[in-house]
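input_27.cif follows; it contains mmCIF, C-alpha atoms and all ligand atoms.
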data_data
loop_
_atom_site.label_atom_id
_atom_site.label_comp_id
_atom_site.auth_asym_id
_atom_site.auth_seq_id
_atom_site.Cartn_x
_atom_site.Cartn_y
_atom_site.Cartn_z
CA MET A 748 0.00 0.00 0.00
CA GLU A 749 1.23 3.45 -0.79
CA ILE A 750 -0.39 6.57 0.58
CA ALA A 751 0.41 9.97 -0.82
CA THR A 752 2.70 10.94 2.02
CA SER A 753 2.48 14.21 3.85
CA HIS A 754 4.28 15.23 7.04
CA HIS A 755 1.02 14.93 8.95
CA PRO A 756 0.07 11.50 10.28
CA VAL A 757 -3.09 9.84 9.01
CA GLY A 758 -6.15 10.75 11.08
CA TYR A 759 -9.42 12.60 11.43
CA ASN A 760 -7.47 15.56 12.86
CA ASN A 761 -6.19 16.25 9.38
CA ILE A 762 -9.63 16.40 7.84
CA TYR A 763 -10.90 19.98 7.62
CA GLY A 764 -14.67 20.33 7.83
CA GLN A 765 -16.53 17.31 6.39
CA GLU A 766 -18.06 16.76 9.86
CA LYS A 767 -21.03 14.89 8.50
CA ALA A 768 -18.93 12.38 6.56
CA VAL A 769 -16.56 11.86 9.48
CA GLU A 770 -19.50 11.42 11.87
CA ILE A 771 -21.07 8.71 9.70
CA LEU A 772 -17.76 6.89 9.41
CA LYS A 773 -17.04 6.99 13.15
CA ARG A 774 -20.57 5.90 13.96
CA SER A 775 -20.28 2.87 11.67
CA ILE A 776 -17.24 1.73 13.66
CA VAL A 777 -18.85 2.34 17.05
CA SER A 778 -22.01 0.47 16.04
CA LYS A 779 -19.93 -2.22 14.33
CA ARG A 780 -22.04 -1.89 11.21
CA ILE A 781 -19.50 -1.59 8.47
CA PRO A 782 -21.00 -1.63 4.96
CA HIS A 783 -19.30 -3.87 2.40
CA SER A 784 -18.87 -1.04 -0.02
CA LEU A 785 -18.62 2.71 0.36
CA LEU A 786 -18.56 5.42 -2.28
CA PHE A 787 -16.72 8.60 -1.33
CA THR A 788 -17.92 11.30 -3.67
CA GLY A 789 -17.44 15.06 -3.99
CA PRO A 790 -15.36 17.61 -5.91
CA THR A 791 -11.59 17.27 -6.33
CA GLY A 792 -9.70 18.55 -3.30
CA THR A 793 -12.35 17.75 -0.68
CA GLN A 794 -10.10 15.24 1.16
CA LYS A 795 -11.91 12.09 0.11
CA THR A 796 -8.77 9.96 0.01
CA SER A 797 -7.37 11.36 3.29
CA SER A 798 -10.72 10.63 4.92
CA ALA A 799 -10.69 7.08 3.58
CA PHE A 800 -7.29 6.45 5.18
CA ALA A 801 -8.34 8.08 8.46
CA PHE A 802 -11.37 5.78 8.52
CA LEU A 803 -9.38 2.66 7.64
CA LYS A 804 -6.82 3.40 10.33
CA HIS A 805 -9.66 3.72 12.84
CA LEU A 806 -11.31 0.55 11.54
CA LYS A 807 -8.16 -1.57 11.75
CA CYS A 808 -6.87 -0.09 15.03
CA THR A 809 -6.40 -2.66 17.83
CA ASN A 810 -7.45 -0.23 20.61
CA PRO A 811 -9.86 2.23 19.04
CA THR A 812 -11.95 4.77 20.94
CA PRO A 813 -15.28 6.08 19.58
CA ASP A 814 -13.39 9.17 18.46
CA GLY A 815 -10.56 7.57 16.56
CA PRO A 816 -7.59 5.23 16.47
CA CYS A 817 -5.07 4.86 19.32
CA ASN A 818 -2.13 6.01 17.17
CA ILE A 819 0.25 3.62 18.96
CA CYS A 820 -0.66 0.07 17.93
CA ARG A 821 1.02 -1.81 15.08
CA ASN A 822 -1.92 -1.10 12.78
CA CYS A 823 -1.70 2.61 13.40
CA TYR A 824 2.05 2.52 12.84
CA LEU A 825 1.58 0.77 9.49
CA PHE A 826 -0.98 3.34 8.36
CA ASP A 827 1.27 6.22 9.38
CA HIS A 828 4.07 4.71 7.33
CA ALA A 829 1.96 4.01 4.28
CA MET A 830 2.53 0.27 4.25
CA HIS A 831 -0.48 -1.57 5.59
CA PRO A 832 -0.57 -5.09 4.14
CA ASP A 833 -4.35 -5.44 4.35
CA VAL A 834 -5.08 -2.55 2.01
CA LYS A 835 -4.73 -2.69 -1.74
CA ILE A 836 -5.11 0.43 -3.84
CA LEU A 837 -6.20 0.57 -7.46
CA GLU A 838 -5.88 3.65 -9.59
CA PRO A 839 -5.91 4.48 -13.29
CA LYS A 840 -2.77 3.60 -15.18
CA ARG A 841 -1.29 3.18 -18.61
CA LYS A 842 -1.78 5.47 -21.53
CA ALA A 843 -5.53 5.20 -21.39
CA ARG A 844 -5.69 6.22 -17.71
CA ARG A 845 -8.10 3.42 -17.06
CA ILE A 846 -8.37 0.79 -14.33
CA PRO A 847 -7.91 -2.46 -16.28
CA ILE A 848 -9.74 -5.68 -15.54
CA GLU A 849 -6.52 -7.53 -14.55
CA ASP A 850 -6.17 -5.09 -11.67
CA VAL A 851 -9.73 -5.68 -10.52
CA LYS A 852 -9.19 -9.45 -10.69
CA ALA A 853 -6.03 -9.11 -8.62
CA LEU A 854 -7.95 -7.03 -6.09
CA ILE A 855 -10.72 -9.62 -5.84
CA TRP A 856 -8.11 -12.31 -5.21
CA PHE A 857 -6.41 -10.09 -2.62
CA VAL A 858 -9.50 -9.39 -0.50
CA GLN A 859 -10.27 -13.10 -0.22
CA LEU A 860 -6.95 -13.84 1.51
CA LYS A 861 -6.91 -13.88 5.28
CA ALA A 862 -6.14 -10.52 6.87
CA TYR A 863 -2.61 -10.04 8.12
CA ILE A 864 -3.75 -8.08 11.18
CA GLY A 865 -7.32 -7.99 12.54
CA LYS A 866 -10.06 -9.10 10.22
CA TYR A 867 -10.75 -6.65 7.39
CA LYS A 868 -9.27 -6.85 3.91
CA ILE A 869 -9.73 -3.61 2.05
CA GLY A 870 -9.82 -2.64 -1.60
CA LEU A 871 -9.55 1.07 -2.26
CA ILE A 872 -10.30 2.33 -5.75
CA LYS A 873 -9.20 5.85 -6.58
CA GLU A 874 -10.82 7.63 -9.53
CA ALA A 875 -13.37 4.83 -9.73
CA ASP A 876 -14.97 6.61 -12.70
CA ARG A 877 -11.96 5.33 -14.68
CA LEU A 878 -12.97 1.66 -14.39
CA THR A 879 -13.43 0.14 -17.84
CA LYS A 880 -16.77 -1.47 -18.58
CA ASP A 881 -15.26 -4.93 -18.08
CA SER A 882 -13.56 -3.88 -14.85
CA ALA A 883 -16.78 -2.40 -13.54
CA ASN A 884 -18.69 -5.59 -14.32
CA ALA A 885 -16.06 -7.76 -12.64
CA LEU A 886 -16.21 -5.52 -9.59
CA LEU A 887 -19.98 -5.59 -9.60
CA LYS A 888 -19.97 -9.38 -9.18
CA ILE A 889 -18.03 -9.20 -5.94
CA LEU A 890 -20.01 -6.20 -4.68
CA GLU A 891 -23.19 -8.23 -5.18
CA ASP A 892 -21.84 -11.15 -3.21
CA PRO A 893 -19.07 -9.84 -0.99
CA PRO A 894 -16.94 -12.28 1.03
CA ARG A 895 -17.04 -11.76 4.83
CA ASN A 896 -14.78 -9.10 6.32
CA THR A 897 -14.10 -7.33 3.09
CA LEU A 898 -14.54 -3.65 2.50
CA PHE A 899 -14.42 -1.75 -0.76
CA ILE A 900 -14.06 2.00 -0.87
CA LEU A 901 -14.62 3.67 -4.22
CA ILE A 902 -13.51 7.28 -4.59
CA THR A 903 -14.70 9.58 -7.33
CA ALA A 904 -15.27 13.21 -8.22
CA GLN A 905 -17.55 12.08 -11.10
CA LYS A 906 -20.21 9.92 -9.59
CA ASN A 907 -22.37 10.02 -12.72
CA ALA A 908 -19.71 8.24 -14.73
CA LEU A 909 -20.18 5.08 -12.63
CA LEU A 910 -22.56 2.29 -13.59
CA PRO A 911 -25.92 2.69 -11.81
CA THR A 912 -25.65 -0.94 -10.72
CA ILE A 913 -22.39 -0.15 -8.91
CA LEU A 914 -23.87 2.99 -7.33
CA SER A 915 -26.81 0.99 -6.02
CA ARG A 916 -24.41 -1.40 -4.23
CA CYS A 917 -22.49 1.31 -2.37
CA GLN A 918 -23.31 3.44 0.61
CA GLU A 919 -22.58 6.98 -0.46
CA ILE A 920 -20.56 9.38 1.68
CA ASP A 921 -20.65 12.96 0.37
CA PHE A 922 -17.83 15.48 0.60
CA PHE A 923 -18.32 19.22 0.10
CA PRO A 924 -16.25 22.40 -0.28
CA VAL A 925 -15.73 23.94 3.17
CA SER A 926 -16.09 27.50 4.52
CA ASN A 927 -13.46 30.23 4.14
CA GLU A 928 -12.80 30.05 7.90
CA ILE A 929 -11.90 26.38 7.62
CA VAL A 930 -9.64 27.00 4.61
CA THR A 931 -7.92 29.77 6.58
CA ARG A 932 -7.31 27.36 9.45
CA TYR A 933 -5.86 24.85 6.97
CA ILE A 934 -3.50 27.52 5.60
CA HIS A 935 -2.33 28.38 9.13
CA ASP A 936 -1.88 24.76 10.23
CA HIS A 937 0.10 23.91 7.11
CA GLU A 938 2.08 27.18 7.09
CA LEU A 939 1.23 27.95 3.48
CA HIS A 940 1.60 31.73 3.69
CA HIS A 941 4.74 31.76 1.58
CA LEU A 942 2.62 30.57 -1.34
CA GLY A 943 0.54 33.76 -1.65
CA PRO A 944 -1.68 36.22 0.22
CA GLU A 945 -4.11 34.42 2.50
CA ASP A 946 -7.27 35.90 0.98
CA PHE A 947 -6.06 34.94 -2.45
CA LEU A 948 -5.36 31.34 -1.42
CA VAL A 949 -8.78 31.09 0.23
CA MET A 950 -10.54 32.33 -2.87
CA MET A 951 -8.45 30.17 -5.18
CA SER A 952 -9.25 27.01 -3.25
CA GLY A 953 -13.00 27.48 -3.57
CA GLY A 954 -13.34 25.60 -0.28
CA ARG A 955 -11.29 22.64 -1.51
CA VAL A 956 -8.24 22.50 0.73
CA GLY A 957 -6.75 19.64 -1.27
CA LEU A 958 -6.11 22.11 -4.09
CA LEU A 959 -3.67 24.06 -1.94
CA SER A 960 -0.72 21.85 -2.81
CA GLN A 961 2.75 23.02 -3.75
CA GLY A 962 2.33 21.84 -7.35
CA ASN A 963 -0.96 23.65 -7.88
CA LEU A 964 0.34 26.80 -6.27
CA ASP A 965 3.48 26.84 -8.41
CA ILE A 966 1.14 26.87 -11.39
CA ILE A 967 -0.90 29.69 -9.88
CA LYS A 968 2.23 31.68 -9.10
CA ARG A 969 3.24 31.53 -12.75
CA ASP A 970 -0.28 32.51 -13.77
CA ARG A 971 -0.21 35.54 -11.51
CA GLU A 972 3.07 36.69 -13.03
CA MET A 973 1.64 36.40 -16.54
CA ILE A 974 -1.52 38.25 -15.54
CA GLU A 975 0.51 41.03 -13.95
CA ARG A 976 2.49 41.42 -17.18
CA SER A 977 -0.63 41.39 -19.34
CA LEU A 978 -2.21 44.17 -17.27
CA CYS A 979 0.95 46.28 -17.56
CA LEU A 980 1.01 45.72 -21.34
CA ALA A 981 -2.68 46.60 -21.60
CA LEU A 982 -2.05 49.86 -19.75
CA LYS A 983 0.78 50.67 -22.15
CA LYS A 984 -1.43 49.67 -25.09
CA ASP A 985 1.36 47.40 -26.26
CA ILE A 986 -0.27 45.28 -28.96
CA LEU A 987 2.85 43.36 -29.92
CA GLY A 988 3.64 42.64 -26.30
CA LEU A 989 0.15 41.26 -25.76
CA LEU A 990 0.40 39.03 -28.81
CA GLU A 991 3.71 37.72 -27.54
CA LEU A 992 2.11 36.99 -24.21
CA SER A 993 -0.69 35.16 -26.00
CA GLU A 994 1.95 33.05 -27.73
CA GLU A 995 3.60 32.41 -24.38
CA THR A 996 0.31 31.32 -22.82
CA PHE A 997 -0.26 28.96 -25.71
CA MET A 998 3.25 27.51 -25.32
CA MET A 999 2.61 27.09 -21.63
CA LEU A 1000 -0.43 24.93 -22.45
CA GLN A 1001 1.59 22.94 -24.98
CA GLU A 1002 4.32 22.29 -22.42
CA PHE A 1003 1.75 21.27 -19.85
CA SER A 1004 0.27 18.78 -22.31
CA GLU A 1005 3.70 17.40 -23.29
CA GLU A 1006 4.75 16.95 -19.68
CA LEU A 1007 1.55 15.10 -18.92
CA LYS A 1008 2.05 12.83 -21.93
CA GLU A 1009 5.65 12.11 -20.89
CA LYS A 1010 4.59 11.26 -17.39
CA ILE A 1011 1.93 8.85 -18.60
CA LYS A 1012 4.31 7.18 -21.05
CA GLU A 1013 6.96 6.84 -18.39
CA GLN A 1014 4.53 5.01 -16.11
CA ALA A 1015 3.59 2.68 -18.93
CA HIS A 1016 6.90 2.18 -20.69
CA GLN A 1017 6.76 -1.58 -20.98
CA GLU A 1018 3.21 -1.98 -22.16
CA SER A 1019 1.83 -2.18 -25.63
CA TYR A 1020 -1.11 -0.04 -26.66
CA SER A 1021 -3.98 -0.17 -29.02
CA GLU A 1022 -5.14 2.77 -31.07
CA LYS A 1023 -8.07 3.07 -28.70
CA ASP A 1024 -5.65 3.55 -25.77
CA GLU A 1025 -3.94 6.32 -27.71
CA ASP A 1026 -7.29 8.05 -28.33
CA GLU A 1027 -8.28 7.75 -24.69
CA MET A 1028 -4.98 9.23 -23.56
CA GLN A 1029 -5.41 12.11 -25.97
CA ALA A 1030 -8.93 12.82 -24.70
CA TYR A 1031 -7.69 12.65 -21.10
CA ILE A 1032 -4.88 15.12 -21.81
CA GLU A 1033 -7.18 17.52 -23.64
CA GLY A 1034 -9.48 17.53 -20.63
CA LYS A 1035 -6.55 18.33 -18.33
CA VAL A 1036 -5.41 21.16 -20.61
CA ARG A 1037 -8.89 22.68 -20.54
CA GLU A 1038 -8.86 22.47 -16.74
CA ARG A 1039 -5.47 24.19 -16.74
CA LEU A 1040 -6.75 27.02 -18.92
CA ASP A 1041 -9.83 27.33 -16.76
CA THR A 1042 -7.62 27.79 -13.69
CA TYR A 1043 -5.73 30.55 -15.50
CA PHE A 1044 -8.93 32.41 -16.34
CA ASN A 1045 -10.14 31.95 -12.80
CA VAL A 1046 -7.01 33.58 -11.39
CA PHE A 1047 -7.38 36.36 -13.96
CA LEU A 1048 -10.96 36.94 -12.89
CA ILE A 1049 -9.86 37.38 -9.28
CA PHE A 1050 -7.54 40.18 -10.46
CA LEU A 1051 -10.30 41.89 -12.43
CA ARG A 1052 -12.63 41.68 -9.44
CA ASP A 1053 -9.97 43.31 -7.30
CA ILE A 1054 -9.62 46.13 -9.82
CA PHE A 1055 -13.38 46.55 -9.88
CA LEU A 1056 -13.64 46.68 -6.09
CA TYR A 1057 -10.77 49.10 -5.85
CA GLN A 1058 -12.36 51.32 -8.48
CA THR A 1059 -15.73 51.23 -6.72
CA PHE A 1060 -14.89 51.25 -3.02
CA GLN A 1061 -11.30 52.51 -3.04
CA LYS A 1062 -9.45 51.25 -0.01
CA ALA A 1063 -12.54 50.28 1.96
CA PHE A 1064 -12.45 46.75 0.55
CA PRO A 1065 -9.73 44.18 1.24
CA LEU A 1066 -8.10 42.94 -1.97
CA LYS A 1067 -7.52 39.29 -2.71
CA ASN A 1068 -4.23 40.17 -4.42
CA GLN A 1069 -3.04 42.44 -1.64
CA ASP A 1070 0.60 42.03 -2.65
CA LYS A 1071 -0.23 43.53 -6.08
CA SER A 1072 -2.10 46.56 -4.79
CA ASP A 1073 0.17 49.05 -6.63
CA LEU A 1074 -0.64 47.51 -9.97
CA ILE A 1075 -4.35 47.22 -9.13
CA HIS A 1076 -4.34 50.87 -8.13
CA SER A 1077 -2.67 51.92 -11.43
CA VAL A 1078 -5.16 49.97 -13.53
CA SER A 1079 -8.13 51.38 -11.64
CA LEU A 1080 -6.90 54.91 -12.44
CA VAL A 1081 -7.06 54.18 -16.17
CA TRP A 1082 -10.09 51.89 -16.49
CA ASN A 1083 -13.49 53.10 -15.35
CA THR A 1084 -16.17 50.77 -13.99
CA TYR A 1085 -17.61 50.21 -17.43
CA ASP A 1086 -14.16 49.32 -18.87
CA ILE A 1087 -13.66 46.73 -16.16
CA GLU A 1088 -17.11 45.22 -16.60
CA ARG A 1089 -16.52 44.82 -20.33
CA ARG A 1090 -13.26 42.97 -19.69
CA VAL A 1091 -14.94 40.71 -17.15
CA SER A 1092 -17.61 39.75 -19.70
CA LEU A 1093 -14.96 39.26 -22.36
CA LEU A 1094 -13.12 36.89 -20.04
CA GLU A 1095 -16.25 34.99 -19.11
CA ASP A 1096 -17.28 34.73 -22.72
CA ILE A 1097 -13.92 33.38 -23.89
CA ARG A 1098 -13.68 31.12 -20.87
CA SER A 1099 -17.02 29.48 -21.54
CA ARG A 1100 -16.41 29.15 -25.28
CA ILE A 1101 -12.79 28.05 -25.19
CA LEU A 1102 -13.90 24.50 -24.43
CA SER A 1103 -15.32 24.28 -27.89
CA TYR A 1104 -12.76 26.42 -29.68
CA ALA A 1105 -10.99 24.34 -32.29
CA ASN A 1106 -8.24 26.91 -32.23
CA GLN A 1107 -7.19 27.87 -28.72
CA LYS A 1108 -4.48 30.15 -30.06
CA LEU A 1109 -7.05 32.36 -31.83
CA ALA A 1110 -9.17 32.51 -28.70
CA LEU A 1111 -6.18 33.57 -26.63
CA ASP A 1112 -5.27 36.29 -29.16
CA ALA A 1113 -8.83 37.57 -29.02
CA PHE A 1114 -8.70 37.64 -25.25
CA TYR A 1115 -5.38 39.47 -24.88
CA LEU A 1116 -6.21 42.02 -27.57
CA GLY A 1117 -9.62 42.48 -25.95
CA LEU A 1118 -7.82 43.72 -22.84
CA LEU A 1119 -6.99 46.84 -24.85
CA THR A 1120 -10.51 47.68 -25.85
CA GLY A 1121 -12.76 45.52 -23.67
ZN ZN B 1 -4.19 1.83 16.93
#
When written as structure tokens, how does the structure in this file appear?
Amino acid sequence: MEIATSHHPVGYNNIYGQEKAVEILKRSIVSKRIPHSLLFTGPTGTQKTSSAFAFLKHLKCTNPTPDGPCNICRNCYLFDHAMHPDVKILEPKRKARRIPIEDVKALIWFVQLKAYIGKYKIGLIKEADRLTKDSANALLKILEDPPRNTLFILITAQKNALLPTILSRCQEIDFFPVSNEIVTRYIHDHELHHLGPEDFLVMMSGGRVGLLSQGNLDIIKRDREMIERSLCLALKKDILGLLELSEETFMMLQEFSEELKEKIKEQAHQESYSEKDEDEMQAYIEGKVRERLDTYFNVFLIFLRDIFLYQTFQKAFPLKNQDKSDLIHSVSLVWNTYDIERRVSLLEDIRSRILSYANQKLALDAFYLGLLTG
């Protein structure tokens, strides 16, 4: 078993918000009514996987209390060191980013072996929406007739992509974005202030603390630098500069796509692929690129909102991009409220249509040049 390691030990203490989910999970242990299959569902970044491990640690603990695991027994130690032998994790792999049927068969074999410690054997399926049709059907058979002392946890941000027959076999546990106060607490506890102004991080997360990772924030940092430059160029009415920046944004997307492709190929270097696999990988990457572009526009929108608020309320309103207040001030001297509103609608228009744009480069040109005129 491998758990995405963080410097915090596995436990409910590291789950922020999600009280309802955690309550249901604890109660199932106290009442000793553990369902055979659970479905953890909710948007990306709502700590579904961390909650699954916290629950499993509690479930397997030798001396549990109603509130959680003891944190000192052998079970707890194994969970904290990401190597529990009674848990097997499946996740998408290969070019197609699918969960193949061989993996599901191996999992079914695994859960039927006697537990190494305690009684439960656990199969955890990340991104369960990536099960192939065959894999899903194989899984369905064991969910319909589960061996004793087995537990399956399926995790997904796309519940609707699962077979209805699988959904009907699972008890659903819902995860939600949390309040700004909770995100703020997360930022404090994890000492993330070096990654950006607190208000900005809170807004960026949209209540999903799992999005506040180093990797995501490196991306956002680069985005903020590009946005800062584009606003300066727009103020100077530098058409060529804006077109260059459009080119740079496009290259950034290309690089992102290439890196993703490399990573996938690296993971799958010894396997052979069908044309269908190649198509699936391409579709997967295109989806990720669209998400990447959407993040960029989202960060841009937060800047425009700041400019709007500054223009309207002057200093009475706290800015999300407090560290860029000089720039925001300069822009608000040049653009009036109407100018800003037009640029916000331009952004929202391009953002919603870019998904269907055959030519992202043209859309980006239109956006950057639109910053000049709105
Ligand atoms: Zn324990």
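Minimum atom-to-atom distance to Arg971 of chain A, evaluated using only C-alpha atoms, belongs to A:Leu1051 out of A:Met830, A:Ala862, A:Leu1051, A:Leu898.
Interatomic distance, atom CA of Ile836 of chain A against atom CA of Leu854 of chain A: 8.3 Å.
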Which residue of A:Asn884, A:Ser977, A:Thr796, A:Ser1004 approaches Leu1119 of chain A most closely, using all atoms listed in the file: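 Checking each of A:Asn884, A:Ser977, A:Thr796, A:Ser1004 against Leu1119 of chain A, counting all atoms listed in the file, the winner is A:Ser977.
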Shell of 10 Å around ligand ZN 1 (chain B) (only C-alpha atoms and all ligand atoms), written as a ChimeraX atom specification: /A:804-812,815-826
Pick from A:Glu770, A:Glu995, A:Gln1058, A:Pro756, whichever lies nearest to His828 of chain A using all atoms listed in the file: A:Pro756
Nearest candidate to Thr897 of chain A (options A:Glu766, A:Asp833, A:Glu994, A:Glu1013; using all atoms listed in the file):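 Going through A:Glu766, A:Asp833, A:Glu994, A:Glu1013 one by one, the smallest distance to Thr897 of chain A is for A:Asp833.
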Contact residues around Leu860 of chain A with all atoms listed in the file at 12 Å, ignoring same-chain residues under 2 positions, as a count of residues only: 22
Nearest to Leu1111 of chain A by atom-to-atom distance, counting all atoms listed in the file, from A:Tyr1043, A:Phe1064, A:Tyr933, A:Phe922: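 Once distances to Leu1111 of chain A are computed over all atoms listed in the file, the minimum belongs to A:Tyr1043.
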What's the 7 Å shell around Leu1094 of chain A, counting all atoms listed in the file, without same-chain residues fewer than 4 positions away, as a compact mmCIF listing (two decimals) with C-alpha atoms, in the frame of the given file?
# COMPACT_ATOMS: atom_id res chain seq x y z
CA ARG A 1090 -13.26 42.97 -19.69
CA ARG A 1098 -13.68 31.12 -20.87
CA PHE A 1114 -8.70 37.64 -25.25
Interatomic distance (Å, one decimal) between atom CA of Thr996 of chain A and atom CA of Ile1087 of chain A: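 That distance, rounded to one decimal, is 21.8 Å.
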Two-atom distance - atom CA of Asp985 of chain A, atom CA of Asp965 of chain A (Å): 27.3 Å
Shell of 8 Å around Glu1027 of chain A, only C-alpha atoms, local chain residues under 3 positions omitted, as number ranges by chain: A: 842-844, 1023-1024, 1030-1031
Could you please fill out segment 927-934 of chain A with all heavy atoms and send it back as a tab-separated table (two decimals), keeping the file's coordinate frame?
chain	number	residue	atom	x	y	z
A	927	ASN	N	-14.71	29.47	4.19
A	927	ASN	CA	-13.46	30.23	4.14
A	927	ASN	C	-12.70	30.15	5.47
A	927	ASN	O	-11.48	30.10	5.48
A	927	ASN	CB	-13.75	31.71	3.84
A	927	ASN	CG	-14.20	31.89	2.41
A	927	ASN	OD1	-14.16	30.94	1.61
A	927	ASN	ND2	-14.65	33.08	2.07
A	928	GLU	N	-13.45	30.11	6.59
A	928	GLU	CA	-12.80	30.05	7.90
A	928	GLU	C	-11.99	28.76	8.01
A	928	GLU	O	-10.87	28.74	8.53
A	928	GLU	CB	-13.83	30.09	9.04
A	928	GLU	CG	-14.51	31.43	9.24
A	928	GLU	CD	-15.46	31.81	8.11
A	928	GLU	OE1	-16.08	30.89	7.50
A	928	GLU	OE2	-15.58	33.01	7.82
A	929	ILE	N	-12.58	27.68	7.53
A	929	ILE	CA	-11.90	26.38	7.62
A	929	ILE	C	-10.67	26.36	6.72
A	929	ILE	O	-9.61	25.88	7.11
A	929	ILE	CB	-12.87	25.23	7.31
A	929	ILE	CG1	-13.93	25.14	8.41
A	929	ILE	CG2	-12.13	23.91	7.19
A	929	ILE	CD1	-15.01	24.13	8.19
A	930	VAL	N	-10.80	26.95	5.51
A	930	VAL	CA	-9.64	27.00	4.61
A	930	VAL	C	-8.53	27.82	5.27
A	930	VAL	O	-7.35	27.46	5.22
A	930	VAL	CB	-10.02	27.60	3.24
A	930	VAL	CG1	-8.78	27.70	2.35
A	930	VAL	CG2	-11.08	26.76	2.55
A	931	THR	N	-8.90	28.93	5.90
A	931	THR	CA	-7.92	29.77	6.58
A	931	THR	C	-7.18	28.98	7.65
A	931	THR	O	-5.96	29.06	7.78
A	931	THR	CB	-8.61	30.99	7.23
A	931	THR	OG1	-9.36	31.65	6.21
A	931	THR	CG2	-7.62	31.96	7.82
A	932	ARG	N	-7.93	28.18	8.40
A	932	ARG	CA	-7.31	27.36	9.45
A	932	ARG	C	-6.33	26.37	8.81
A	932	ARG	O	-5.22	26.15	9.31
A	932	ARG	CB	-8.41	26.63	10.23
A	932	ARG	CG	-7.92	25.88	11.44
A	932	ARG	CD	-9.05	25.67	12.47
A	932	ARG	NE	-10.21	24.98	11.93
A	932	ARG	CZ	-10.29	23.65	11.79
A	932	ARG	NH1	-9.28	22.88	12.14
A	932	ARG	NH2	-11.39	23.09	11.31
A	933	TYR	N	-6.73	25.80	7.70
A	933	TYR	CA	-5.86	24.85	6.97
A	933	TYR	C	-4.55	25.54	6.56
A	933	TYR	O	-3.47	25.00	6.72
A	933	TYR	CB	-6.60	24.32	5.74
A	933	TYR	CG	-5.84	23.30	4.93
A	933	TYR	CD1	-5.95	21.94	5.21
A	933	TYR	CD2	-5.01	23.70	3.88
A	933	TYR	CE1	-5.25	20.99	4.47
A	933	TYR	CE2	-4.30	22.76	3.13
A	933	TYR	CZ	-4.43	21.41	3.43
A	933	TYR	OH	-3.74	20.48	2.70
A	934	ILE	N	-4.68	26.77	6.04
A	934	ILE	CA	-3.50	27.52	5.60
A	934	ILE	C	-2.55	27.79	6.78
A	934	ILE	O	-1.34	27.62	6.67
A	934	ILE	CB	-3.93	28.86	4.93
A	934	ILE	CG1	-4.66	28.55	3.62
A	934	ILE	CG2	-2.74	29.77	4.68
A	934	ILE	CD1	-5.37	29.74	3.00
